[in-house]
file target.txt (compact mmCIF, C-alpha atoms and all ligand atoms)
# COMPACT_ATOMS: atom_id res chain seq x y z
CA MET A 1 144.22 121.60 159.82
CA VAL A 2 147.97 121.15 160.31
CA GLN A 3 148.95 121.09 163.97
CA GLU A 4 151.80 123.31 165.13
CA THR A 5 154.62 121.29 166.63
CA LEU A 6 155.07 121.28 170.39
CA LEU A 7 158.45 119.67 169.86
CA LYS A 8 160.54 122.83 170.04
CA ASP A 9 163.93 123.04 171.68
CA ALA A 10 165.57 125.79 173.69
CA PHE A 11 167.11 127.23 170.48
CA GLY A 12 163.83 127.68 168.60
CA ARG A 13 164.20 124.65 166.35
CA SER A 14 161.11 122.53 165.58
CA PHE A 15 161.28 118.76 165.27
CA GLU A 16 158.58 117.51 162.94
CA TYR A 17 160.54 114.61 161.53
CA LEU A 18 161.16 111.28 163.26
CA ARG A 19 163.71 108.78 162.02
CA LEU A 20 162.74 105.48 163.51
CA SER A 21 165.11 102.55 163.32
CA ILE A 22 163.39 99.18 163.41
CA THR A 23 166.41 96.88 163.32
CA GLU A 24 170.18 96.91 163.70
CA VAL A 25 170.47 93.90 161.42
CA CYS A 26 171.84 94.36 157.91
CA ASN A 27 172.70 91.98 155.11
CA PHE A 28 175.29 94.37 153.57
CA ARG A 29 178.79 95.09 154.82
CA CYS A 30 179.37 98.69 153.83
CA THR A 31 182.98 99.50 154.56
CA TYR A 32 182.08 102.72 156.44
CA CYS A 33 179.23 101.20 158.48
CA LEU A 34 179.44 97.45 159.12
CA PRO A 35 182.75 96.33 157.57
CA ASP A 36 182.51 92.91 159.24
CA GLY A 37 178.79 92.55 158.66
CA TYR A 38 176.15 92.53 161.37
CA GLN A 39 177.16 90.55 164.46
CA LYS A 40 174.27 89.27 166.51
CA GLN A 41 174.02 90.93 169.93
CA LYS A 42 172.58 89.50 173.11
CA GLY A 43 169.92 91.57 174.83
CA PRO A 44 166.38 92.80 174.31
CA GLY A 45 164.72 92.43 170.92
CA PHE A 46 163.98 95.30 168.58
CA LEU A 47 160.79 97.37 168.79
CA SER A 48 157.58 95.56 167.91
CA VAL A 49 155.00 97.06 165.56
CA GLU A 50 152.80 97.82 168.61
CA GLU A 51 155.61 99.64 170.43
CA ALA A 52 156.49 101.58 167.28
CA VAL A 53 152.87 102.65 166.83
CA ARG A 54 152.64 103.91 170.42
CA LEU A 55 155.90 105.77 169.94
CA ALA A 56 154.78 107.33 166.65
CA ARG A 57 151.42 108.32 168.16
CA GLY A 58 153.27 110.21 170.89
CA PHE A 59 155.42 112.08 168.39
CA VAL A 60 152.48 112.81 166.08
CA ALA A 61 150.40 114.14 168.98
CA LEU A 62 153.21 116.66 169.50
CA GLY A 63 153.28 117.75 165.85
CA THR A 64 155.54 115.26 164.04
CA TRP A 65 154.19 114.60 160.53
CA LYS A 66 157.07 112.89 158.77
CA ILE A 67 158.37 109.45 159.73
CA ARG A 68 161.23 107.56 158.15
CA LEU A 69 161.68 103.84 158.82
CA THR A 70 165.35 102.99 158.81
CA GLY A 71 167.88 100.60 160.33
CA GLY A 72 170.21 98.57 159.85
CA GLU A 73 168.33 97.41 156.82
CA PRO A 74 164.62 97.90 157.60
CA SER A 75 163.48 95.49 154.90
CA VAL A 76 165.18 92.52 156.57
CA ARG A 77 162.33 92.53 159.06
CA ARG A 78 159.70 90.04 158.03
CA ASP A 79 157.04 92.37 159.38
CA PHE A 80 158.36 95.42 157.50
CA ILE A 81 155.14 95.78 155.54
CA GLU A 82 153.16 95.72 158.79
CA PHE A 83 155.27 98.66 160.02
CA ILE A 84 154.40 100.56 156.84
CA GLU A 85 150.68 99.82 157.16
CA ALA A 86 150.60 100.65 160.86
CA MET A 87 152.43 103.98 160.44
CA ARG A 88 150.23 104.88 157.48
CA ALA A 89 147.13 104.28 159.58
CA ILE A 90 148.14 106.91 162.16
CA PRO A 91 146.18 110.10 161.45
CA GLY A 92 148.62 112.98 161.12
CA VAL A 93 151.41 111.08 159.38
CA ARG A 94 151.63 113.06 156.15
CA ARG A 95 154.92 111.68 154.83
CA LEU A 96 156.06 108.10 155.33
CA ALA A 97 159.51 107.27 153.99
CA THR A 98 162.15 104.61 154.28
CA THR A 99 165.89 104.32 153.66
CA THR A 100 167.04 101.04 152.19
CA ASN A 101 170.06 99.45 150.58
CA GLY A 102 167.64 98.40 147.85
CA TYR A 103 168.42 94.73 147.70
CA ARG A 104 164.75 93.74 147.96
CA LEU A 105 163.38 96.77 146.20
CA GLU A 106 162.57 95.47 142.74
CA LYS A 107 160.40 92.74 144.22
CA ASN A 108 158.74 94.96 146.84
CA ALA A 109 158.43 98.47 145.38
CA LYS A 110 154.77 97.94 144.52
CA ALA A 111 153.76 96.20 147.73
CA TRP A 112 155.40 98.89 149.88
CA ARG A 113 153.81 101.65 147.84
CA ASP A 114 150.40 99.94 148.09
CA ALA A 115 150.91 99.59 151.85
CA GLY A 116 151.30 103.36 152.14
CA LEU A 117 154.96 104.29 151.66
CA ASP A 118 155.31 107.75 150.06
CA ALA A 119 159.01 108.22 149.65
CA ILE A 120 162.16 106.17 149.43
CA ASN A 121 165.90 106.77 149.78
CA VAL A 122 168.12 104.11 148.25
CA SER A 123 171.81 103.94 149.05
CA VAL A 124 173.99 103.78 145.93
CA ASP A 125 177.56 104.80 146.62
CA SER A 126 178.72 104.14 143.08
CA PHE A 127 177.31 103.50 139.62
CA ARG A 128 180.40 101.46 138.82
CA PRO A 129 179.50 97.83 139.61
CA GLU A 130 182.96 96.88 140.85
CA VAL A 131 183.09 99.87 143.22
CA PHE A 132 179.54 99.20 144.45
CA HIS A 133 180.62 95.60 145.13
CA LYS A 134 183.75 96.68 146.99
CA VAL A 135 181.92 99.19 149.20
CA THR A 136 178.86 97.10 150.07
CA GLY A 137 180.29 93.57 149.87
CA HIS A 138 177.56 92.70 147.33
CA ASP A 139 177.68 92.58 143.55
CA ARG A 140 174.11 93.81 143.25
CA LEU A 141 174.19 97.20 141.60
CA ARG A 142 172.03 96.06 138.68
CA GLU A 143 169.30 94.71 141.00
CA VAL A 144 169.36 97.89 143.08
CA GLU A 145 169.06 100.01 139.92
CA ALA A 146 166.11 97.88 138.80
CA GLY A 147 164.54 98.54 142.20
CA ILE A 148 164.86 102.30 141.74
CA GLU A 149 163.23 102.03 138.29
CA ALA A 150 160.40 100.06 139.91
CA CYS A 151 159.87 102.88 142.43
CA LEU A 152 159.71 105.43 139.60
CA ASP A 153 157.15 103.23 137.81
CA GLU A 154 155.09 102.98 140.98
CA GLY A 155 154.86 106.76 141.27
CA TYR A 156 156.50 107.30 144.66
CA ASP A 157 156.25 110.97 145.67
CA ALA A 158 160.02 111.17 146.10
CA VAL A 159 162.84 108.86 145.07
CA LYS A 160 166.28 109.77 146.37
CA ILE A 161 169.70 108.20 146.23
CA ASN A 162 172.12 108.45 149.16
CA ALA A 163 175.82 108.27 148.32
CA VAL A 164 178.47 108.55 151.03
CA LEU A 165 181.29 110.63 149.63
CA LEU A 166 184.54 108.66 149.86
CA LYS A 167 187.96 109.99 148.90
CA GLY A 168 189.50 108.02 146.03
CA VAL A 169 186.41 105.81 145.76
CA ASN A 170 183.56 107.90 144.34
CA ASP A 171 184.60 111.53 144.74
CA GLN A 172 185.50 111.70 141.03
CA ASP A 173 182.17 110.20 139.93
CA LEU A 174 179.98 113.29 139.93
CA SER A 175 179.40 112.99 136.16
CA LEU A 176 178.04 109.44 136.52
CA PHE A 177 175.49 110.63 139.07
CA GLN A 178 174.63 113.60 136.88
CA ASP A 179 174.06 111.26 133.92
CA TYR A 180 171.78 109.18 136.09
CA VAL A 181 169.50 112.10 137.00
CA ARG A 182 169.49 113.67 133.52
CA ASN A 183 166.18 112.04 132.59
CA ARG A 184 165.06 110.65 135.93
CA PRO A 185 163.24 112.68 138.61
CA VAL A 186 165.61 111.37 141.26
CA SER A 187 167.45 113.43 143.84
CA VAL A 188 170.98 112.30 144.67
CA ARG A 189 172.28 113.18 148.15
CA PHE A 190 176.03 113.12 148.63
CA ILE A 191 176.63 112.65 152.35
CA GLU A 192 179.99 113.52 153.82
CA LEU A 193 181.44 110.53 155.61
CA MET A 194 180.84 110.91 159.33
CA ARG A 195 183.10 109.75 162.07
CA THR A 196 181.63 107.26 164.54
CA GLY A 197 182.96 105.70 167.72
CA ASP A 198 184.59 102.88 165.76
CA ASN A 199 185.67 104.17 162.33
CA ALA A 200 188.36 106.72 163.21
CA GLU A 201 191.06 105.28 160.92
CA TYR A 202 188.63 104.80 158.07
CA PHE A 203 187.40 108.34 158.53
CA ASP A 204 190.92 109.80 158.38
CA ARG A 205 191.60 107.91 155.17
CA TYR A 206 188.35 108.44 153.27
CA HIS A 207 186.69 111.61 154.52
CA VAL A 208 186.49 114.38 151.96
CA SER A 209 184.60 117.65 152.15
CA ALA A 210 181.62 118.15 149.84
CA ASP A 211 182.85 121.70 149.04
CA ILE A 212 184.58 120.60 145.88
CA LEU A 213 181.36 119.06 144.55
CA ALA A 214 179.51 122.29 145.25
CA GLN A 215 182.13 124.21 143.26
CA ASN A 216 181.94 121.74 140.34
CA LEU A 217 178.15 121.89 140.28
CA GLU A 218 178.11 125.68 140.28
CA GLN A 219 180.72 125.82 137.51
CA GLU A 220 178.52 123.55 135.41
CA GLY A 221 175.46 125.73 135.79
CA TRP A 222 173.68 123.98 138.65
CA VAL A 223 171.73 126.40 140.79
CA ARG A 224 171.33 126.20 144.55
CA LYS A 225 167.66 125.83 145.43
CA THR A 226 166.18 128.18 147.99
CA ARG A 227 165.65 126.34 151.25
CA ALA A 228 161.97 125.65 151.84
CA ALA A 229 160.64 126.46 155.32
CA GLY A 230 161.11 123.45 157.59
CA ALA A 231 163.58 121.77 155.22
CA GLY A 232 166.46 119.81 156.71
CA PRO A 233 170.18 120.45 156.40
CA ALA A 234 170.63 119.19 152.80
CA ILE A 235 171.68 121.78 150.22
CA GLU A 236 170.05 121.00 146.89
CA TYR A 237 171.09 121.98 143.36
CA VAL A 238 168.95 121.89 140.21
CA HIS A 239 169.72 122.43 136.52
CA SER A 240 167.35 123.11 133.64
CA ASP A 241 168.84 120.26 131.55
CA TYR A 242 168.25 117.67 134.26
CA ALA A 243 165.05 116.07 135.50
CA GLY A 244 166.61 115.22 138.85
CA ALA A 245 168.54 117.12 141.50
CA ILE A 246 171.86 116.81 143.35
CA GLY A 247 172.10 117.52 147.06
CA LEU A 248 174.91 117.78 149.55
CA ILE A 249 174.76 116.88 153.22
CA ALA A 250 177.80 118.34 154.92
CA PRO A 251 177.59 117.78 158.69
CA TYR A 252 181.07 119.20 159.26
CA SER A 253 180.12 122.54 157.80
CA LYS A 254 179.56 125.46 160.14
CA ASP A 255 175.88 126.11 160.91
CA PHE A 256 174.77 122.59 159.87
CA CYS A 257 172.91 122.19 163.17
CA LYS A 258 170.93 125.40 162.77
CA THR A 259 168.51 123.64 160.40
CA CYS A 260 168.26 120.41 162.39
CA ASN A 261 164.64 119.25 162.24
CA ARG A 262 164.84 115.58 163.15
CA LEU A 263 164.86 113.29 166.14
CA ARG A 264 165.98 109.69 166.12
CA VAL A 265 164.81 106.61 167.94
CA SER A 266 166.92 103.47 167.82
CA ALA A 267 165.61 99.97 167.21
CA LEU A 268 165.92 99.41 170.96
CA GLY A 269 163.64 102.36 171.66
CA LYS A 270 166.27 104.90 172.70
CA LEU A 271 165.73 108.56 171.87
CA HIS A 272 168.83 110.18 170.34
CA LEU A 273 168.62 113.95 170.38
CA CYS A 274 171.54 114.11 167.95
CA LEU A 275 173.20 111.57 165.67
CA PHE A 276 176.41 112.28 167.51
CA THR A 277 175.29 111.72 171.09
CA GLU A 278 176.76 108.73 172.81
CA PHE A 279 173.75 107.78 174.92
CA GLY A 280 170.10 107.46 174.08
CA MET A 281 167.18 107.98 176.46
CA ASP A 282 165.11 104.87 177.01
CA LEU A 283 161.53 105.32 175.77
CA ARG A 284 160.58 101.69 175.97
CA PRO A 285 159.12 101.92 179.48
CA PHE A 286 156.55 104.36 178.00
CA LEU A 287 155.61 102.06 175.12
CA GLN A 288 154.06 99.15 176.94
CA ALA A 289 150.40 100.25 176.96
CA ASP A 290 148.24 102.68 174.96
CA GLU A 291 147.37 104.48 178.21
CA GLN A 292 150.98 105.72 178.52
CA LEU A 293 150.59 108.26 175.72
CA GLU A 294 150.50 111.33 178.01
CA GLU A 295 153.53 110.12 180.01
CA LEU A 296 155.45 109.65 176.78
CA LYS A 297 154.55 113.11 175.52
CA VAL A 298 155.68 114.76 178.76
CA PHE A 299 158.96 112.85 178.65
CA LEU A 300 159.63 113.83 175.03
CA CYS A 301 158.97 117.52 175.62
CA LYS A 302 161.23 117.57 178.67
CA ALA A 303 163.98 115.60 176.91
CA LEU A 304 164.01 118.03 174.02
CA GLN A 305 164.86 120.90 176.35
CA THR A 306 168.22 119.18 176.95
CA LYS A 307 169.16 119.09 173.26
CA ALA A 308 172.47 120.87 172.66
CA GLN A 309 172.75 123.72 170.18
CA SER A 310 175.32 121.95 168.01
CA HIS A 311 177.29 118.72 167.72
CA TYR A 312 180.43 120.92 167.68
CA LEU A 313 182.05 118.63 165.11
CA ASP A 314 183.40 121.62 163.24
CA GLU A 315 185.29 122.46 166.43
CA GLY A 316 186.91 119.03 166.56
CA VAL A 317 184.54 117.30 169.01
CA THR A 318 184.03 113.70 167.96
CA GLY A 319 182.34 111.92 170.85
CA GLY A 320 181.75 108.19 171.14
CA ASN A 321 178.67 108.10 168.98
CA HIS A 322 177.25 104.90 167.56
CA ARG A 323 177.78 103.49 164.12
CA PHE A 324 174.84 104.32 161.90
CA ALA A 325 173.52 100.78 161.62
CA ASP A 326 172.59 101.08 165.33
CA ILE A 327 170.65 104.32 165.18
CA GLY A 328 169.67 104.58 161.56
CA GLY A 329 171.89 107.30 160.12
N1 LIG B 401 170.57 100.15 155.37
C1 LIG B 401 169.93 101.29 154.85
C2 LIG B 401 170.78 102.01 153.84
O1 LIG B 401 171.99 101.78 153.82
O2 LIG B 401 170.25 102.80 153.09
C3 LIG B 401 169.45 102.25 155.91
C4 LIG B 401 170.35 102.50 157.11
S1 LIG B 401 171.88 103.31 156.74
C5 LIG B 401 172.65 103.34 158.33
C6 LIG B 401 171.33 104.97 156.47
C7 LIG B 401 172.28 105.85 155.70
O3 LIG B 401 173.41 106.12 156.51
C8 LIG B 401 172.82 105.23 154.41
O4 LIG B 401 172.58 106.09 153.32
C9 LIG B 401 174.30 105.11 154.67
O5 LIG B 401 175.04 105.28 153.50
C10 LIG B 401 174.55 106.21 155.69
N2 LIG B 401 175.75 106.01 156.50
C11 LIG B 401 176.10 104.93 157.23
N3 LIG B 401 177.26 105.15 157.88
C12 LIG B 401 177.66 106.40 157.55
C13 LIG B 401 178.77 107.24 157.92
N4 LIG B 401 179.71 106.82 158.76
N5 LIG B 401 178.82 108.48 157.41
C14 LIG B 401 177.85 108.95 156.57
N6 LIG B 401 176.79 108.23 156.20
C15 LIG B 401 176.68 106.96 156.68
FE1 LIG B 402 173.77 98.10 156.00
FE2 LIG B 402 172.94 100.53 155.40
FE3 LIG B 402 175.04 100.16 157.06
FE4 LIG B 402 175.31 99.62 154.46
S1 LIG B 402 174.87 101.62 155.38
S2 LIG B 402 175.97 98.29 156.17
S3 LIG B 402 173.32 98.86 153.93
S4 LIG B 402 172.95 99.59 157.46
call {"tool": "encode", "arguments": {"input": "target.txt", "output": "structure tokens", "more": "lines below"}}
Ligand code: SAM
Ligand code: SF4
result
Amino acid sequence: MVQETLLKDAFGRSFEYLRLSITEVCNFRCTYCLPDGYQKQKGPGFLSVEEAVRLARGFVALGTWKIRLTGGEPSVRRDFIEFIEAMRAIPGVRRLATTTNGYRLEKNAKAWRDAGLDAINVSVDSFRPEVFHKVTGHDRLREVEAGIEACLDEGYDAVKINAVLLKGVNDQDLSLFQDYVRNRPVSVRFIELMRTGDNAEYFDRYHVSADILAQNLEQEGWVRKTRAAGAGPAIEYVHSDYAGAIGLIAPYSKDFCKTCNRLRVSALGKLHLCLFTEFGMDLRPFLQADEQLEELKVFLCKALQTKAQSHYLDEGVTGGNHRFADIGG
């Protein structure tokens, strides 16, 4: 029997989806995320597998059933496969996903699938090799594409591509993404560039609304899918001539927060009630022994009551939120 979630906020939203970052480290240098690459920080280490399991058990006991392992780049952790196995072993985890830049995907797609990963999001901002190279700092588009093919061969339940929409970089490339999903059951997600505490200038230069893509898709016969109950804020389009789908994630649109269904925990064990909050709440003190499960659950339920109704970005609030490599995007 599926448990009803106890993770409900004061505005009636349910949070059945946990995005768990397991590292801030990344080997790519995406211009919108880590333009100078990852710089080693002093301080406590990232969550261990044991801490992550205790954390996930707390969330699952309150009704969470979907967990995404993210980062930084989650696959840079040598024990990444142990995270997958450990999360898979928790009764109640019905969907286990990861988000990756794909650089180790071709080699690992099978091992990760065998370890229990159900779904994968791979970041591909462009299908033009030179643009991919410019954005990520790595000339690896072909390897990443081979990794996606490997995931399709391995029969993952869902294979998605994340592309951050960047003015003058990939906003004219819709047809290349459409070509890609014509015969592949892959869902592309165009994500509007989000402003963080340290990319204001970049944001002003490259941010572009996803509205124009929506118009183009509709003109070309793509149909907006009805939102399934419990689905997140992505708007998805399908077309009878295409095996795949195209989705839009537009955080600056009005009402985006109404469908929020996710909570985030950083690699340092901080609970972020919203991607745009400046401070996280430290959960690590509750993750040191299995016996702390009840304490953790009480803390989570109380914390959720302080979640704001909206990030108010559409009203011009920007906040000093973290770059995504720190809390997982
Ligand atoms: N390293 C992995 C990857 O890139 O797929 C996982 C972590 S990354 C922070 C998660 C997602 O956040 C990626 O799809 C990335 O493109 C997206 N992202 C990072 N910074 C962003 C920003 N400022 N605005 C919108 N999306 C962003
Ligand atoms: Fe690394 Fe992902 Fe950030 Fe790119 S978006 S720098 S791959 S963490």
call {"tool": "residues_around", "arguments": {"input": "target.txt", "residues": "A:Lys258", "least_positions_apart": "6", "cutoff": "10 Å", "atoms": "all atoms listed in the file", "output": "JSON, numbers by chain"}}
result
{"A": [11, 12, 13, 232, 233, 309, 310]}
call {"tool": "residues_near_ligand", "arguments": {"input": "target.txt", "ligand": "ligand LIG 402 (chain B)", "cutoff": "10 Å", "atoms": "all atoms listed in the file", "output": "MDAnalysis selection string"}}
result
chainID A and resid 23:38 70:74 99:103 122:125 135:138 162:164 323:329
call {"tool": "closest_residue", "arguments": {"input": "target.txt", "among": "A:Asn170, A:Trp112, A:Glu82, A:Thr5", "to": "A:Gly63", "atoms": "only C-alpha atoms"}}
result
A:Thr5
call {"tool": "closest_residue", "arguments": {"input": "target.txt", "among": "A:Phe203, A:Phe279, A:Trp222, A:Tyr17", "to": "A:Arg94", "atoms": "only C-alpha atoms"}}
result
A:Tyr17
call {"tool": "atom_distance", "arguments": {"input": "target.txt", "atom1": "atom N3 of ligand LIG 401 (chain B)", "atom2": "atom CA of A:Asn199"}}
result
9.6 Å
call {"tool": "atom_distance", "arguments": {"input": "target.txt", "atom1": "atom CA of A:Thr226", "atom2": "atom CA of A:Ala97"}}
result
22.8 Å
call {"tool": "residues_around", "arguments": {"input": "target.txt", "residues": "A:Arg104", "least_positions_apart": "4", "cutoff": "9 Å", "atoms": "only C-alpha atoms", "output": "ChimeraX atom specification"}}
result
/A:75-76,100,108-109,143-144,147
call {"tool": "atom_distance", "arguments": {"input": "target.txt", "atom1": "atom CA of A:Tyr156", "atom2": "atom CA of A:Arg113"}}
result
7.0 Å
call {"tool": "residues_near_point", "arguments": {"input": "target.txt", "point": "(164.5, 108.1, 148.5)", "cutoff": "7 Å", "atoms": "only C-alpha atoms", "output": "JSON, numbers by chain"}}
result
{"A": [99, 119, 120, 121, 122, 158, 159, 160, 161]}
call {"tool": "closest_residue", "arguments": {"input": "target.txt", "among": "A:Val60, A:Leu141, A:Ala308, A:Ile246", "to": "A:Pro129", "atoms": "all atoms listed in the file"}}
result
A:Leu141
call {"tool": "decode", "arguments": {"input": "target.txt", "residues": "stretch 175-197 of chain A", "atoms": "N, CA and C atoms", "output": "PDB file, in the first residue's frame"}}
result
ATOM      1  N   SER A 175      15.050  22.926 -33.195  1.00  0.00           N
ATOM      2  CA  SER A 175      14.908  21.865 -34.214  1.00  0.00           C
ATOM      3  C   SER A 175      15.921  20.737 -33.996  1.00  0.00           C
ATOM      4  N   LEU A 176      17.114  21.067 -33.496  1.00  0.00           N
ATOM      5  CA  LEU A 176      18.114  20.014 -33.253  1.00  0.00           C
ATOM      6  C   LEU A 176      17.648  19.083 -32.128  1.00  0.00           C
ATOM      7  N   PHE A 177      17.036  19.669 -31.115  1.00  0.00           N
ATOM      8  CA  PHE A 177      16.508  18.845 -30.014  1.00  0.00           C
ATOM      9  C   PHE A 177      15.315  18.025 -30.496  1.00  0.00           C
ATOM     10  N   GLN A 178      14.486  18.649 -31.332  1.00  0.00           N
ATOM     11  CA  GLN A 178      13.341  17.903 -31.876  1.00  0.00           C
ATOM     12  C   GLN A 178      13.845  16.713 -32.695  1.00  0.00           C
ATOM     13  N   ASP A 179      14.854  16.952 -33.539  1.00  0.00           N
ATOM     14  CA  ASP A 179      15.408  15.846 -34.348  1.00  0.00           C
ATOM     15  C   ASP A 179      15.876  14.718 -33.435  1.00  0.00           C
ATOM     16  N   TYR A 180      16.478  15.119 -32.319  1.00  0.00           N
ATOM     17  CA  TYR A 180      17.038  14.103 -31.417  1.00  0.00           C
ATOM     18  C   TYR A 180      15.951  13.198 -30.842  1.00  0.00           C
ATOM     19  N   VAL A 181      14.788  13.779 -30.542  1.00  0.00           N
ATOM     20  CA  VAL A 181      13.745  12.964 -29.884  1.00  0.00           C
ATOM     21  C   VAL A 181      12.767  12.345 -30.887  1.00  0.00           C
ATOM     22  N   ARG A 182      13.028  12.572 -32.202  1.00  0.00           N
ATOM     23  CA  ARG A 182      12.080  12.046 -33.193  1.00  0.00           C
ATOM     24  C   ARG A 182      11.907  10.533 -33.033  1.00  0.00           C
ATOM     25  N   ASN A 183      13.040   9.818 -32.917  1.00  0.00           N
ATOM     26  CA  ASN A 183      12.944   8.354 -32.821  1.00  0.00           C
ATOM     27  C   ASN A 183      13.453   7.813 -31.490  1.00  0.00           C
ATOM     28  N   ARG A 184      13.678   8.711 -30.555  1.00  0.00           N
ATOM     29  CA  ARG A 184      14.189   8.233 -29.250  1.00  0.00           C
ATOM     30  C   ARG A 184      13.181   8.582 -28.158  1.00  0.00           C
ATOM     31  N   PRO A 185      12.873   7.640 -27.272  1.00  0.00           N
ATOM     32  CA  PRO A 185      11.926   7.942 -26.184  1.00  0.00           C
ATOM     33  C   PRO A 185      12.601   8.735 -25.067  1.00  0.00           C
ATOM     34  N   VAL A 186      13.049   9.922 -25.428  1.00  0.00           N
ATOM     35  CA  VAL A 186      13.800  10.777 -24.496  1.00  0.00           C
ATOM     36  C   VAL A 186      13.008  12.059 -24.314  1.00  0.00           C
ATOM     37  N   SER A 187      12.973  12.546 -23.078  1.00  0.00           N
ATOM     38  CA  SER A 187      12.266  13.789 -22.824  1.00  0.00           C
ATOM     39  C   SER A 187      13.279  14.903 -22.588  1.00  0.00           C
ATOM     40  N   VAL A 188      13.223  15.928 -23.432  1.00  0.00           N
ATOM     41  CA  VAL A 188      14.131  17.077 -23.253  1.00  0.00           C
ATOM     42  C   VAL A 188      13.455  18.082 -22.329  1.00  0.00           C
ATOM     43  N   ARG A 189      14.210  18.626 -21.385  1.00  0.00           N
ATOM     44  CA  ARG A 189      13.675  19.675 -20.498  1.00  0.00           C
ATOM     45  C   ARG A 189      14.471  20.948 -20.722  1.00  0.00           C
ATOM     46  N   PHE A 190      13.862  21.954 -21.303  1.00  0.00           N
ATOM     47  CA  PHE A 190      14.529  23.253 -21.372  1.00  0.00           C
ATOM     48  C   PHE A 190      14.286  23.972 -20.058  1.00  0.00           C
ATOM     49  N   ILE A 191      15.363  24.339 -19.393  1.00  0.00           N
ATOM     50  CA  ILE A 191      15.255  25.018 -18.095  1.00  0.00           C
ATOM     51  C   ILE A 191      15.645  26.472 -18.282  1.00  0.00           C
ATOM     52  N   GLU A 192      14.769  27.370 -17.886  1.00  0.00           N
ATOM     53  CA  GLU A 192      15.156  28.786 -17.946  1.00  0.00           C
ATOM     54  C   GLU A 192      16.342  29.013 -17.013  1.00  0.00           C
ATOM     55  N   LEU A 193      17.298  29.772 -17.495  1.00  0.00           N
ATOM     56  CA  LEU A 193      18.453  30.125 -16.665  1.00  0.00           C
ATOM     57  C   LEU A 193      17.963  30.816 -15.395  1.00  0.00           C
ATOM     58  N   MET A 194      18.502  30.361 -14.251  1.00  0.00           N
ATOM     59  CA  MET A 194      18.087  30.970 -12.993  1.00  0.00           C
ATOM     60  C   MET A 194      19.226  31.817 -12.434  1.00  0.00           C
ATOM     61  N   ARG A 195      18.799  32.861 -11.774  1.00  0.00           N
ATOM     62  CA  ARG A 195      19.788  33.760 -11.188  1.00  0.00           C
ATOM     63  C   ARG A 195      20.216  33.196  -9.846  1.00  0.00           C
ATOM     64  N   THR A 196      21.516  33.215  -9.574  1.00  0.00           N
ATOM     65  CA  THR A 196      22.005  32.785  -8.263  1.00  0.00           C
ATOM     66  C   THR A 196      22.750  33.958  -7.624  1.00  0.00           C
ATOM     67  N   GLY A 197      23.256  33.715  -6.420  1.00  0.00           N
ATOM     68  CA  GLY A 197      23.930  34.797  -5.698  1.00  0.00           C
ATOM     69  C   GLY A 197      25.140  35.333  -6.447  1.00  0.00           C
TER      70      GLY A 197
END
